[in-house]
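The next block holds one structure in the form of structure tokens; read it before the comments.
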Amino acid sequence: MPPFRHTVGPTTRERIRATLRAALNDAIAQQRFGVTFNPAAHVELDVGKRPKGVLWTDEHVARWEETGEKPSPVMVWTPSQIGQFLEHASDDRLYGLFHLVAFRGLRRGEACGVRWTDVDLDAGLLTVAKAIVQNGWDVYEDDPKTDAGARTISLDSVTVEVLREHRARQAVEQEKAGAGWASTGRVFTQEDGSWLRPSHVTDRFAELFEEIDLPPVRLHDLRHGAATLMHAGGGDLHYIKTTLGHSGIQITSDTYLNLLPQVDKEVAEAAARLVPLPRSNKIVSTPAHASLTQEAPGVEPGATAEHSEEGSSPGQEPGLLVGADGFEPPTSAL
């Protein structure tokens, strides 16, 4: 009943129907409750489509500021916006959790459930073995969402340093709490060492980005950003699937990739450079494009693309991807 009514999406409705159908089939097979007909088997539902992630470009942000409308249920920050959020949250006691989700793509419950015994900072490895799940107000420990969710992922050097600093901060909190410290062994806890409530993490995330007027995203959408960064850094679909803990590669391909226009542009340019077309030389040397050859530093007048490192600028290595917002994709180690 209002105000607690919550309208679920097509995917959840499909899961509810499947559960009811299975339960009623069991009742029929066991001849229980006088059930002889399964109405759930004949319910028709709208086909649920997985929403595509949409990047918070300047145009989308301007429209949102004007109307409050989000272009898609799944919105993803640009690398610049992710950096703004992390910089603002750097002094928050949960910064390490947000950093881990933003770069390694852990689910909220997985991040809350990580134990120090699951982390090897010297080797730069983290094992996702447990998750903290919230059902209503109840919080309990469970296995990862899928079989593929139980995984070991690599940590980049920056994330390792962030977790070392977090462990030092936690040691101070433990000393301050004294005998009241709850020895749960979790990496991310409340100030007394007890389990984090996942909803509290979500609320704190929203408070932080609202303080600096960033466009809204869900905490779960940081996984989309992490997948995009891994893709931009050179990670293939299998690597991203394994890191995110997806059960199938189709989810990775359909939902999480191809969000950064800088990446698509670089791939298109690289593909075009593979074929040596005579027309390319003509285009560069025509009067209409003379300003391009004259303004290019370090290129002799009349030189064609064959005599220069196409796409490069002073101090930039050939092929290095730098977007309009100054973003450089992270290394594949991320």
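Going by the structure tokens order, chains are called A, B, ..., each with residues numbered from 1, while ligands are numbered from 1 in the order shown.
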
DSSP alpha helix (DSSP H) selection over range 108-275 of chain A, as a ChimeraX atom specification: /A:108-113,157-177,198-211,221-232,237-244,249-251,261-273

Polymer residues at most 12 Å from Ala179 in chain A, only C-alpha atoms, same-chain spacing of 6 or more positions, as a VMD selection string: chain A and resid 173 192 to 193

Kindly export the residues of the current selection with all heavy atoms, as a PDB file, in the first residue's frame.
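result-v3.pdb, freshly written:
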ATOM      1  N   GLU A 173      40.135   3.673  13.776  1.00  0.00           N
ATOM      2  CA  GLU A 173      38.762   3.531  14.265  1.00  0.00           C
ATOM      3  C   GLU A 173      38.652   2.376  15.265  1.00  0.00           C
ATOM      4  O   GLU A 173      37.939   2.486  16.269  1.00  0.00           O
ATOM      5  CB  GLU A 173      37.814   3.295  13.095  1.00  0.00           C
ATOM      6  CG  GLU A 173      37.639   4.493  12.184  1.00  0.00           C
ATOM      7  CD  GLU A 173      36.688   4.239  11.033  1.00  0.00           C
ATOM      8  OE1 GLU A 173      36.432   3.051  10.728  1.00  0.00           O
ATOM      9  OE2 GLU A 173      36.194   5.203  10.431  1.00  0.00           O
ATOM     10  N   ASP A 192      32.089   1.144  14.130  1.00  0.00           N
ATOM     11  CA  ASP A 192      32.362   0.208  15.226  1.00  0.00           C
ATOM     12  C   ASP A 192      32.771  -1.167  14.714  1.00  0.00           C
ATOM     13  O   ASP A 192      32.854  -2.127  15.475  1.00  0.00           O
ATOM     14  CB  ASP A 192      31.134   0.076  16.139  1.00  0.00           C
ATOM     15  CG  ASP A 192      29.927  -0.516  15.415  1.00  0.00           C
ATOM     16  OD1 ASP A 192      29.992  -0.669  14.177  1.00  0.00           O
ATOM     17  OD2 ASP A 192      28.917  -0.814  16.088  1.00  0.00           O
ATOM     18  N   GLY A 193      33.029  -1.278  13.404  1.00  0.00           N
ATOM     19  CA  GLY A 193      33.476  -2.546  12.836  1.00  0.00           C
ATOM     20  C   GLY A 193      32.363  -3.464  12.370  1.00  0.00           C
ATOM     21  O   GLY A 193      32.648  -4.512  11.789  1.00  0.00           O
TER      22      GLY A 193
END

Using only C-alpha atoms: which of A:Ala148, A:Leu97, A:Leu222, A:Ala272 has the shortest distance to Val187 in chain A: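 Result for the nearest residue to Val187 in chain A: A:Leu97.
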
Option closest in space to Gln134 in chain A, from A:Thr242, A:Ser199, A:Ser154, A:Ser80 [counting only C-alpha atoms]: A:Ser199

Pick from A:Ser194, A:Thr243, A:Thr19, A:Thr202, whichever lies nearest to Phe103 in chain A using only C-alpha atoms: A:Thr243

Selected residue of minimal separation from Trp64 in chain A among A:Ile16, A:Leu214, A:Val160, A:Leu237, counting only C-alpha atoms: A:Leu214

Straight-line distance linking CA of Trp56 in chain A with CA of Leu86 in chain A, stated in Å to one decimal: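 Separation between CA of Trp56 in chain A and CA of Leu86 in chain A: 16.5 Å.
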
Surrounding residues of Pro79 in chain A excluding itself and chain neighbours under 3 positions, 8 Å, only C-alpha atoms, as a PyMOL selection string: chain A and resi 82-83+225+229+327

Residue neighbourhood Leu208 in chain A, 9 Å, only C-alpha atoms, exclusion window fewer than 4 positions, as number ranges by chain: A: 85, 88-89, 92, 203-204, 212

Selection near Arg21 in chain A, 12 Å with only C-alpha atoms, sequence-local residues under 4 positions removed, as a ChimeraX atom specification: /A:14-17,25-28,37-43

Test item: residues at most 6 Å from range 114-119 of chain A, only C-alpha atoms, excluding those fewer than 3 positions along its chain, as a PyMOL selection string: chain A and resi 111+126-127+185-187

I need the chosen residues saved as a PDB file, in the first residue's frame, with C-alpha atoms.
ATOM      1  CA  ALA A 111      31.993  -4.514  -1.972  1.00  0.00           C
ATOM      2  CA  LEU A 126      41.053  -9.439  -4.509  1.00  0.00           C
ATOM      3  CA  THR A 127      38.739 -12.444  -4.276  1.00  0.00           C
ATOM      4  CA  GLY A 185      36.924  -8.911   9.421  1.00  0.00           C
ATOM      5  CA  ARG A 186      35.263  -6.838   6.705  1.00  0.00           C
ATOM      6  CA  VAL A 187      37.228  -4.336   4.670  1.00  0.00           C
TER       7      VAL A 187
END

Shortest interatomic distance to His99 in chain A - which of A:Glu69, A:Glu161, A:Asp138, A:Asp147, counting only C-alpha atoms: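 Residue with the minimum atom-to-atom distance to His99 in chain A: A:Glu161.
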
Expected answer as a PyMOL selection string: strand (DSSP E or B) residues in range 52-117 of chain A: chain A and resi 54-55+75-76+115

Within 8 Å of Lys130 in chain A using only C-alpha atoms, minus same-chain residues under 6 positions, as number ranges by chain: A: 110, 113-114, 141-144, 150

Next, write the just-selected residues to a file, as a PDB file, in the first residue's frame, keeping all heavy atoms as the atom set.
ATOM      1  N   GLU A 110      28.796  -7.044  -3.009  1.00  0.00           N
ATOM      2  CA  GLU A 110      30.125  -7.656  -3.043  1.00  0.00           C
ATOM      3  C   GLU A 110      31.141  -6.761  -2.357  1.00  0.00           C
ATOM      4  O   GLU A 110      31.999  -7.244  -1.597  1.00  0.00           O
ATOM      5  CB  GLU A 110      30.538  -7.898  -4.491  1.00  0.00           C
ATOM      6  CG  GLU A 110      29.716  -8.948  -5.210  1.00  0.00           C
ATOM      7  CD  GLU A 110      30.004  -9.022  -6.700  1.00  0.00           C
ATOM      8  OE1 GLU A 110      30.659  -8.100  -7.226  1.00  0.00           O
ATOM      9  OE2 GLU A 110      29.572 -10.007  -7.339  1.00  0.00           O
ATOM     10  N   GLY A 113      30.768  -6.943   1.277  1.00  0.00           N
ATOM     11  CA  GLY A 113      31.093  -8.258   1.831  1.00  0.00           C
ATOM     12  C   GLY A 113      32.558  -8.640   1.776  1.00  0.00           C
ATOM     13  O   GLY A 113      32.943  -9.685   2.319  1.00  0.00           O
ATOM     14  N   VAL A 114      33.414  -7.824   1.152  1.00  0.00           N
ATOM     15  CA  VAL A 114      34.839  -8.173   1.043  1.00  0.00           C
ATOM     16  C   VAL A 114      35.469  -8.246   2.423  1.00  0.00           C
ATOM     17  O   VAL A 114      35.287  -7.357   3.265  1.00  0.00           O
ATOM     18  CB  VAL A 114      35.585  -7.136   0.180  1.00  0.00           C
ATOM     19  CG1 VAL A 114      37.091  -7.406   0.213  1.00  0.00           C
ATOM     20  CG2 VAL A 114      35.086  -7.173  -1.255  1.00  0.00           C
ATOM     21  N   GLU A 141      24.501 -12.313   5.172  1.00  0.00           N
ATOM     22  CA  GLU A 141      25.607 -12.682   4.296  1.00  0.00           C
ATOM     23  C   GLU A 141      25.157 -13.763   3.325  1.00  0.00           C
ATOM     24  O   GLU A 141      24.416 -14.678   3.692  1.00  0.00           O
ATOM     25  CB  GLU A 141      26.792 -13.188   5.121  1.00  0.00           C
ATOM     26  CG  GLU A 141      28.020 -13.545   4.287  1.00  0.00           C
ATOM     27  CD  GLU A 141      29.139 -14.116   5.143  1.00  0.00           C
ATOM     28  OE1 GLU A 141      29.015 -15.291   5.554  1.00  0.00           O
ATOM     29  OE2 GLU A 141      30.115 -13.398   5.407  1.00  0.00           O
ATOM     30  N   ASP A 142      25.605 -13.643   2.078  1.00  0.00           N
ATOM     31  CA  ASP A 142      25.217 -14.619   1.066  1.00  0.00           C
ATOM     32  C   ASP A 142      26.383 -14.815   0.106  1.00  0.00           C
ATOM     33  O   ASP A 142      27.376 -14.086   0.140  1.00  0.00           O
ATOM     34  CB  ASP A 142      23.980 -14.135   0.313  1.00  0.00           C
ATOM     35  CG  ASP A 142      23.238 -15.276  -0.376  1.00  0.00           C
ATOM     36  OD1 ASP A 142      23.720 -16.422  -0.304  1.00  0.00           O
ATOM     37  OD2 ASP A 142      22.175 -15.022  -0.982  1.00  0.00           O
ATOM     38  N   ASP A 143      26.240 -15.811  -0.763  1.00  0.00           N
ATOM     39  CA  ASP A 143      27.221 -16.018  -1.819  1.00  0.00           C
ATOM     40  C   ASP A 143      27.007 -14.967  -2.910  1.00  0.00           C
ATOM     41  O   ASP A 143      25.957 -14.320  -2.970  1.00  0.00           O
ATOM     42  CB  ASP A 143      27.077 -17.418  -2.406  1.00  0.00           C
ATOM     43  CG  ASP A 143      27.434 -18.505  -1.409  1.00  0.00           C
ATOM     44  OD1 ASP A 143      28.310 -18.241  -0.553  1.00  0.00           O
ATOM     45  OD2 ASP A 143      26.821 -19.599  -1.477  1.00  0.00           O
ATOM     46  N   PRO A 144      27.991 -14.773  -3.790  1.00  0.00           N
ATOM     47  CA  PRO A 144      27.806 -13.828  -4.890  1.00  0.00           C
ATOM     48  C   PRO A 144      26.573 -14.143  -5.716  1.00  0.00           C
ATOM     49  O   PRO A 144      26.041 -15.260  -5.689  1.00  0.00           O
ATOM     50  CB  PRO A 144      29.090 -13.983  -5.708  1.00  0.00           C
ATOM     51  CG  PRO A 144      30.102 -14.447  -4.717  1.00  0.00           C
ATOM     52  CD  PRO A 144      29.350 -15.341  -3.765  1.00  0.00           C
ATOM     53  N   ALA A 150      31.706 -15.417  -8.099  1.00  0.00           N
ATOM     54  CA  ALA A 150      32.830 -15.815  -7.254  1.00  0.00           C
ATOM     55  C   ALA A 150      34.082 -15.809  -8.116  1.00  0.00           C
ATOM     56  O   ALA A 150      34.275 -16.703  -8.953  1.00  0.00           O
ATOM     57  CB  ALA A 150      32.584 -17.192  -6.658  1.00  0.00           C
TER      58      ALA A 150
END
